[in-house]
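Contents: one structure, followed by commentary.
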Amino acid sequence: MINKVVSNAEEAVKDIKDNAVLMLGGFGLCGIPENCISALLKTGVKGLTCISNNAGVDDFGIGLMLKTRQVKKMISSYVGENAEFERQLLAGELEVDLIPQGTLAERIRAGGAGIPAFFTPAGYGTEVAEGKEIREFHGKKYLMEAWLQADFALVKAWKGDTAGNLIYKGTARNFNPMMAAAGKITIAEVEELVPVGELDPNYIHTPGIYVQRIFEGKNYEKRIEQRTVTPR
Amino acid sequence: MINKVVSNAEEAVKDIKDNAVLMLGGFGLCGIPENCISALLKTGVKGLTCISNNAGVDDFGIGLMLKTRQVKKMISSYVGENAEFERQLLAGELEVDLIPQGTLAERIRAGGAGIPAFFTPAGYGTEVAEGKEIREFHGKKYLMEAWLQADFALVKAWKGDTAGNLIYKGTARNFNPMMAAAGKITIAEVEELVPVGELDPNYIHTPGIYVQRIFEGKNYEKRIEQRTVTPR
Amino acid sequence: MALDKIGIAKRIAQEVKDGSYINLGIGIPTLVANYIPDNIEVVLQSENGLLGIGRFPYEEDVDADLINAGKQTITMLKGSALFSSAESFGMIRGGHVHLTILGAMEVSENGDIANWKIPGKMVKGMGGAMDLVASAENIIVAMQHKSRSGESKLLKECTLPITGIKCVKKVVSDLAVLEVLPEGGFKLLERAPGVSVEEIKEATAGKLIIKGDIPEMKID
Amino acid sequence: MALDKIGIAKRIAQEVKDGSYINLGIGIPTLVANYIPDNIEVVLQSENGLLGIGRFPYEEDVDADLINAGKQTITMLKGSALFSSAESFGMIRGGHVHLTILGAMEVSENGDIANWKIPGKMVKGMGGAMDLVASAENIIVAMQHKSRSGESKLLKECTLPITGIKCVKKVVSDLAVLEVLPEGGFKLLERAPGVSVEEIKEATAGKLIIKGDIPEMKID
């Protein structure tokens with residue numbers, strides 16, 4: 001078997017070139033590929049198109065790559081509160097393509113599953129529908145939407161094995177499984193890399209066929225955006 | 001919470017009326033809703049349209065419902081060796097719609113996920129494409145295919161809880177998860193029904209939202225079509 | 001007297017049916033969960049991949065890998081299930097989520113909703129709102145009847161970029177409960193305690209339909 | 001001498017690349033798994049929802065819930081993964097399965113394949129074959145060069161209902177290894193041991209391209 005295991009994030013992302021199209025897993029700061037983002041900050045690769053539900057915050061996640069001006073375009077559903085993002089957008093330094101979250105998820109899923117286009121009701125009658133083909137099925141109007149694929153998909157899982165099989169934890173799953181399938185090269189960073197055979201085949205979330213490189217990440221910060229608690 | 005648990009298959013299927021459209025999980029005889037099929041034989045409901053990858057064998061699975069002439073139409077990808085099936089088909093007593101297996105799986109998935117149509121390359125240039133819209137994307141030709149939905153989806157799982165969450169075992173998963181989502185009413189029969197809270201939320205294959213009725217099945221036969229073994 | 005946010009949440013909680021699957025938007029809708037009667041059991045969906053949202057965790061149980069769509073740390077319940085964003089929006093688009101409760105900046109008399117963008121100001125994105133309003137069979141909006149500057153937010157036509165068309169079934173505002181009729185128009189169902197029909201008329205720019213006596217809301 | 005089924009399987013096994021994901025059809029293709037060299041590691045996909053097909057089980061380990069696409073009882077390997085049919089065909093359509101090996105009743109010189117239906121006889125259905133041939137980047141066909149009645153099955157055009165068009169990249173028959181050229185035509189690459197170019201010419205109804213000396217296959 002060709003070895004999928006690489007030693008660290010630097011090795012995993014070293015051939016990501018300027019102007020590459022990337023997918024980055026995560027919802028908010030939950031389940032984001034922290035190690036890969038750090039490594040991309042080091043390589044200094046520029047002109048990136050980043051497909052990610054969110055754009056991080058000012059000082060974490062994709063927000064860090066915005067600060068270093070490595071991102072040319074964001075394709076997201078919600079870019080939240082991020083002052084640097086806002087500044088670049090208003091200054092015309094950043095292209096932004098906003099997509100309904102379910103459409104984004106399904107376009108990525110379609111990219112991995114070989115479905116070049118599909119119909120969804122989301123956005124009908126809104127500016128999202130502008131320029132898109134509209135079709136009626138069973139009395140309801142739908143937009144045609146195209147698949148999304150990426151040169152590299154950067155995903156974060158809880159556990160992974162050396163064959164590339166992945167298991168996510170909690171709501172850190174989110175966009176990661178579809179992105180893993182939609183990347184021409186998928187790089188998985190995991191909290192725990194285990195030998196093949198240790199994960200139960202019945203509970204694999206991402207089969208290894210989708211993963212080309214895998215490594216055990218380090219120093220996960222897992223920052224929390226809204227720490228809400230129930231008082232004792 | 002409205003109670004989803006019913007006592008047995010007879011209770012689960014009692015309101016399935018003549019000419020209903022059903023989905024039945026399983027691949028070959030693996031992961032089929034044995035108890036529900038037995039119960040339908042008893043109710044004697046007729047004129048059924050059955051969406052199922054296969055049609056069972058002469059004396060098991062959907063084959064039993066063919067013998068009792070309860071099936072008007074089969075929508076399948078492979079109907080295998082089944083003498084009664086062949087007889088009815090040649091005699092014009094049975095309508096058959098044969099669909100490429102991946103297209104069948106995706107049409108059912110689309111039915112559950114609210115995607116009325118999508119494009120697939122399977123069948124382009126063949127008789128499957130007749131009468132269908134053809135579209136080129138990125139230099140390759142695709143057919144437009146429509147979702148499939150059912151009045152009742154009958155699925156079989158390994159374990160289920162009283163909230164309707166399901167876990168399948170081995171390759172008995174197959175078509176069951178998509179069908180569970182594509183049924184207006186989904187009836188799940190499980191080998192073991194456990195109290196809510198006993199299944200790990202991270203390893204649920206079918207979330208309970210898709211399941212309207214659930215019961216613990218009895219006397220699973222789990223017949224094997226090709227018993228292939230490695231001699232010691 | 002106009003309702004406060006909690007009052008609106010309490011009134012909407014009365015709309016919730018036993019055994020239903022519900023998606024709650026950020027803000028007032030999230031509060032609704034606190035006022036659902038004890039004899040009613042519902043399952044809350046979080047579009048980032050969870051069915052069965054529980055309470056906020058105790059301090060020592062906070063888990064960065066378990067958040068809701070508002071990015072708040074949460075817990076799971078017995079019977080919860082986790083899944084991907086594609087599965088989650090499959091549930092939504094496929095009509096498996098029975099009720100969506102969300103906030104709005106404007107609602108029109110034919111049920112259009114605007115709640116995602118104010119041109120010229122920061123654009124944050126629509127998140128899952130467009131999928132939700134295009135898909136759920138029942139959509140209830142929680143909102144203030146008027147803007148801070150006193151202008152009606154229940155309009156003949158939305159002035160802001162819309163999120164979805166002809167989708168809102170009911171509006172619960174600080175002043176009233178209104179049904180959006182299929183043929184168009186806000187049908188006044190209930191008044192907030194102490195609020196007169198005249199006040200509601202004055203606050204509603206869209207077509208308001210008033211038939212017979214309009215009862216006051218009953219809120220504990 | 002023409003190859004037997006095992007010979008064809010052995011020759012196809014030489015086409016398999018290390019680290020690839022492969023779908024094997026029923027019949028001769030299934031046999032290929034037995035002859036993959038020890039230094040080559042591949043993962044076999046079963047379209048009913050498994051990556052990592054292992055050997056047949058020992059009698060006492062037979063599990064009705066674990067079968068391959070041919071409905072045979074099988075085992076899993078370390079690193080196997082289970083999934084639904086939708087995920088499985090997502091893998092196939094999405095081009096994640098590198099190589100598909102399947103049988104054929106006819107192949108045309110432009111790479112069309114017919115292997116699912118004989119009009120007038122029983123129609124069993126196409127199963128996953130149409131998805132596989134429409135999707136895989138590399139498709140190798142294992143087949144007999146001629147029918148039992150002695151007619152060529154490598155044709156100018158298929159006479160039977162086709163399964164997919166312009167998809168077959170290579171044919172390994174009992175007589176020869178042939179590449180299907182993008183511009184059309186069967187390019188003869190190798191002869192079965194002891195089989196002459198003349199015999200292959202005689203057995204091939206479609207356009208046969210012969211350039212230079214044609215070596216014999218090397219099979220252990």
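Identifiers for the structure tokens are assigned positionally: chains receive A, B, ... in sequence, residues are indexed from 1 per chain, and ligands are indexed from 1 in the order shown.
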I'd like the neighbourhood of Leu188 of chain D as a PyMOL selection string, where a residue qualifies if any of its atoms comes within 9 Å (using only C-alpha atoms), though same-chain residues fewer than 3 positions away should be ignored.
chain D and resi 176-180+191+197+200+208-211+214
Only N, CA and C atoms, please: the residues just picked out, written as a PDB file, in the first residue's frame.
ATOM      1  N   ALA D 176      -5.696 -12.614 -26.240  1.00  0.00           N
ATOM      2  CA  ALA D 176      -4.843 -11.433 -26.400  1.00  0.00           C
ATOM      3  C   ALA D 176      -5.082 -10.371 -25.336  1.00  0.00           C
ATOM      4  N   VAL D 177      -4.131  -9.455 -25.261  1.00  0.00           N
ATOM      5  CA  VAL D 177      -4.327  -8.211 -24.510  1.00  0.00           C
ATOM      6  C   VAL D 177      -4.420  -7.100 -25.547  1.00  0.00           C
ATOM      7  N   LEU D 178      -5.486  -6.305 -25.453  1.00  0.00           N
ATOM      8  CA  LEU D 178      -5.702  -5.253 -26.440  1.00  0.00           C
ATOM      9  C   LEU D 178      -6.022  -3.944 -25.745  1.00  0.00           C
ATOM     10  N   GLU D 179      -5.466  -2.876 -26.280  1.00  0.00           N
ATOM     11  CA  GLU D 179      -5.797  -1.549 -25.778  1.00  0.00           C
ATOM     12  C   GLU D 179      -6.842  -0.955 -26.708  1.00  0.00           C
ATOM     13  N   VAL D 180      -7.864  -0.346 -26.137  1.00  0.00           N
ATOM     14  CA  VAL D 180      -8.842   0.355 -26.971  1.00  0.00           C
ATOM     15  C   VAL D 180      -8.333   1.788 -27.130  1.00  0.00           C
ATOM     16  N   ARG D 191       0.038 -11.403 -27.191  1.00  0.00           N
ATOM     17  CA  ARG D 191      -0.649 -12.637 -27.591  1.00  0.00           C
ATOM     18  C   ARG D 191      -0.639 -13.620 -26.422  1.00  0.00           C
ATOM     19  N   VAL D 197      -0.701 -14.192 -34.273  1.00  0.00           N
ATOM     20  CA  VAL D 197      -1.364 -12.951 -34.661  1.00  0.00           C
ATOM     21  C   VAL D 197      -2.505 -13.247 -35.633  1.00  0.00           C
ATOM     22  N   ILE D 200      -5.614 -14.242 -33.856  1.00  0.00           N
ATOM     23  CA  ILE D 200      -6.268 -13.095 -33.219  1.00  0.00           C
ATOM     24  C   ILE D 200      -6.990 -12.254 -34.276  1.00  0.00           C
ATOM     25  N   LEU D 208      -8.578  -4.035 -35.923  1.00  0.00           N
ATOM     26  CA  LEU D 208      -7.438  -4.508 -35.131  1.00  0.00           C
ATOM     27  C   LEU D 208      -6.184  -3.791 -35.617  1.00  0.00           C
ATOM     28  N   ILE D 209      -5.431  -3.233 -34.682  1.00  0.00           N
ATOM     29  CA  ILE D 209      -4.228  -2.486 -35.050  1.00  0.00           C
ATOM     30  C   ILE D 209      -3.016  -3.263 -34.582  1.00  0.00           C
ATOM     31  N   ILE D 210      -2.172  -3.607 -35.534  1.00  0.00           N
ATOM     32  CA  ILE D 210      -0.991  -4.418 -35.228  1.00  0.00           C
ATOM     33  C   ILE D 210       0.237  -3.636 -35.664  1.00  0.00           C
ATOM     34  N   LYS D 211       1.079  -3.303 -34.712  1.00  0.00           N
ATOM     35  CA  LYS D 211       2.298  -2.573 -35.070  1.00  0.00           C
ATOM     36  C   LYS D 211       3.509  -3.311 -34.535  1.00  0.00           C
ATOM     37  N   ILE D 214       4.509  -8.551 -31.922  1.00  0.00           N
ATOM     38  CA  ILE D 214       3.592  -8.632 -30.781  1.00  0.00           C
ATOM     39  C   ILE D 214       4.123  -9.704 -29.833  1.00  0.00           C
TER      40      ILE D 214
END
Neighbouring residues of segment 12-17 of chain B were defined as those with any atom within 12 Å, considering only C-alpha atoms; residues of the same chain fewer than 5 positions away were excluded. Please report them as an MDAnalysis selection string.
chainID B and resid 4:7 22 33 35:49 70 150:155 184:189 211:217
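Atom pair atom CA of Asn174 of chain A / atom CA of Gly123 of chain A: separated by 21.3 Å.
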Using only C-alpha atoms, which chain D residues lie at most 9 Å away from chain B, written as number ranges by chain?
D: 47-50, 55-59, 61-74, 82-90, 92-93, 122-135, 161-165
Residues at most 8 Å from segment 136-150 of chain C, counting only C-alpha atoms, excluding those fewer than 4 positions away in the same chain, as a ChimeraX atom specification?
/C:8-9,12,28-29,92-93,95-105,132,154,167-175,203-204
Lys156 of chain C: which residues within 7 Å, counting only C-alpha atoms, same-chain residues fewer than 3 positions away excluded, as JSON, numbers by chain?
{"C": [108, 109, 205, 206, 207]}
Can those selected residues be exported to a file as a CSV table (one decimal), in the first residue's frame so that it contains N, CA, C and O atoms?
chain,number,residue,atom,x,y,z
C,108,SER,N,-43.3,40.3,4.7
C,108,SER,CA,-44.3,40.9,3.8
C,108,SER,C,-45.7,40.2,3.9
C,108,SER,O,-45.7,39.1,4.4
C,109,GLU,N,-46.7,40.9,3.5
C,109,GLU,CA,-48.1,40.3,3.6
C,109,GLU,C,-48.3,39.0,2.9
C,109,GLU,O,-49.3,38.4,3.1
C,205,ALA,N,-47.8,48.0,8.3
C,205,ALA,CA,-47.9,48.7,7.0
C,205,ALA,C,-48.5,47.8,6.0
C,205,ALA,O,-49.2,48.3,5.0
C,206,GLY,N,-48.4,46.5,6.1
C,206,GLY,CA,-49.0,45.5,5.2
C,206,GLY,C,-50.5,45.4,5.4
C,206,GLY,O,-51.0,46.0,6.4
C,207,LYS,N,-51.1,44.7,4.6
C,207,LYS,CA,-52.6,44.5,4.7
C,207,LYS,C,-52.9,43.7,6.0
C,207,LYS,O,-52.4,42.6,6.1
Pull the alpha helix (DSSP H) assignments for segment 17-174 of chain B out of DSSP run on the backbone, and list those residues as a PyMOL selection string.
chain B and resi 34-43+62-67+83-90+101-113
Do you have the atom CA of Met76 of chain D-atom CA of Asp58 of chain B distance handy?
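About the pair atom CA of Met76 of chain D and atom CA of Asp58 of chain B: they are 29.3 Å apart.
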Rounded to one decimal place, report the atom CA of Pro193 of chain C-atom CA of Lys10 of chain C distance in Å.
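Atom CA of Lys10 of chain C lies 13.1 Å from atom CA of Pro193 of chain C.
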How close does each residue of chain A get to chain B, giving the shortest atom pair and distance in Å to one decimal for every residue with an atom at most 7 Å away, counting only C-alpha atoms, sorted by chain and residue number, as JSON lines?
{"residue": "A:Ile115", "atom": "CA", "partner": "B:Phe119", "partner_atom": "CA", "distance": 5.7}
{"residue": "A:Pro116", "atom": "CA", "partner": "B:Phe119", "partner_atom": "CA", "distance": 6.3}
{"residue": "A:Ala117", "atom": "CA", "partner": "B:Phe119", "partner_atom": "CA", "distance": 5.8}
{"residue": "A:Phe118", "atom": "CA", "partner": "B:Phe118", "partner_atom": "CA", "distance": 4.1}
{"residue": "A:Phe119", "atom": "CA", "partner": "B:Ile115", "partner_atom": "CA", "distance": 5.7}
{"residue": "A:Thr120", "atom": "CA", "partner": "B:Ile115", "partner_atom": "CA", "distance": 5.8}
{"residue": "A:Phe137", "atom": "CA", "partner": "B:Pro116", "partner_atom": "CA", "distance": 6.7}
{"residue": "A:Lys169", "atom": "CA", "partner": "B:Asn202", "partner_atom": "CA", "distance": 6.7}
{"residue": "A:Gly170", "atom": "CA", "partner": "B:Asn202", "partner_atom": "CA", "distance": 6.5}
{"residue": "A:Asn202", "atom": "CA", "partner": "B:Gly170", "partner_atom": "CA", "distance": 6.4}
{"residue": "A:Tyr203", "atom": "CA", "partner": "B:Tyr203", "partner_atom": "CA", "distance": 5.7}
For the residues in the current selection, export C-alpha atoms as a PDB file, in the first residue's frame.
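Just written: result33.pdb:
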ATOM      1  CA  ILE A 115     -23.056  14.678  -9.366  1.00  0.00           C
ATOM      2  CA  PRO A 116     -22.267  17.748 -11.507  1.00  0.00           C
ATOM      3  CA  ALA A 117     -25.539  19.534 -10.736  1.00  0.00           C
ATOM      4  CA  PHE A 118     -28.748  19.210  -8.739  1.00  0.00           C
ATOM      5  CA  PHE A 119     -31.841  21.185  -7.846  1.00  0.00           C
ATOM      6  CA  THR A 120     -32.571  22.844  -4.505  1.00  0.00           C
ATOM      7  CA  PHE A 137     -40.940  20.162  -9.948  1.00  0.00           C
ATOM      8  CA  LYS A 169     -16.428  13.678  17.389  1.00  0.00           C
ATOM      9  CA  GLY A 170     -19.593  15.570  18.331  1.00  0.00           C
ATOM     10  CA  ASN A 202     -19.121  -0.227  11.148  1.00  0.00           C
ATOM     11  CA  TYR A 203     -18.532   3.208  12.689  1.00  0.00           C
TER      12      TYR A 203
END
Would you give me, as a PyMOL selection string, the residues in segment 23-178 of chain A that DSSP reads as strand (DSSP E or B)?
chain A and resi 23-24+27+30+48-51+57+60+71-76+95-98+117-120+134-137+140-146+150-161+166-167
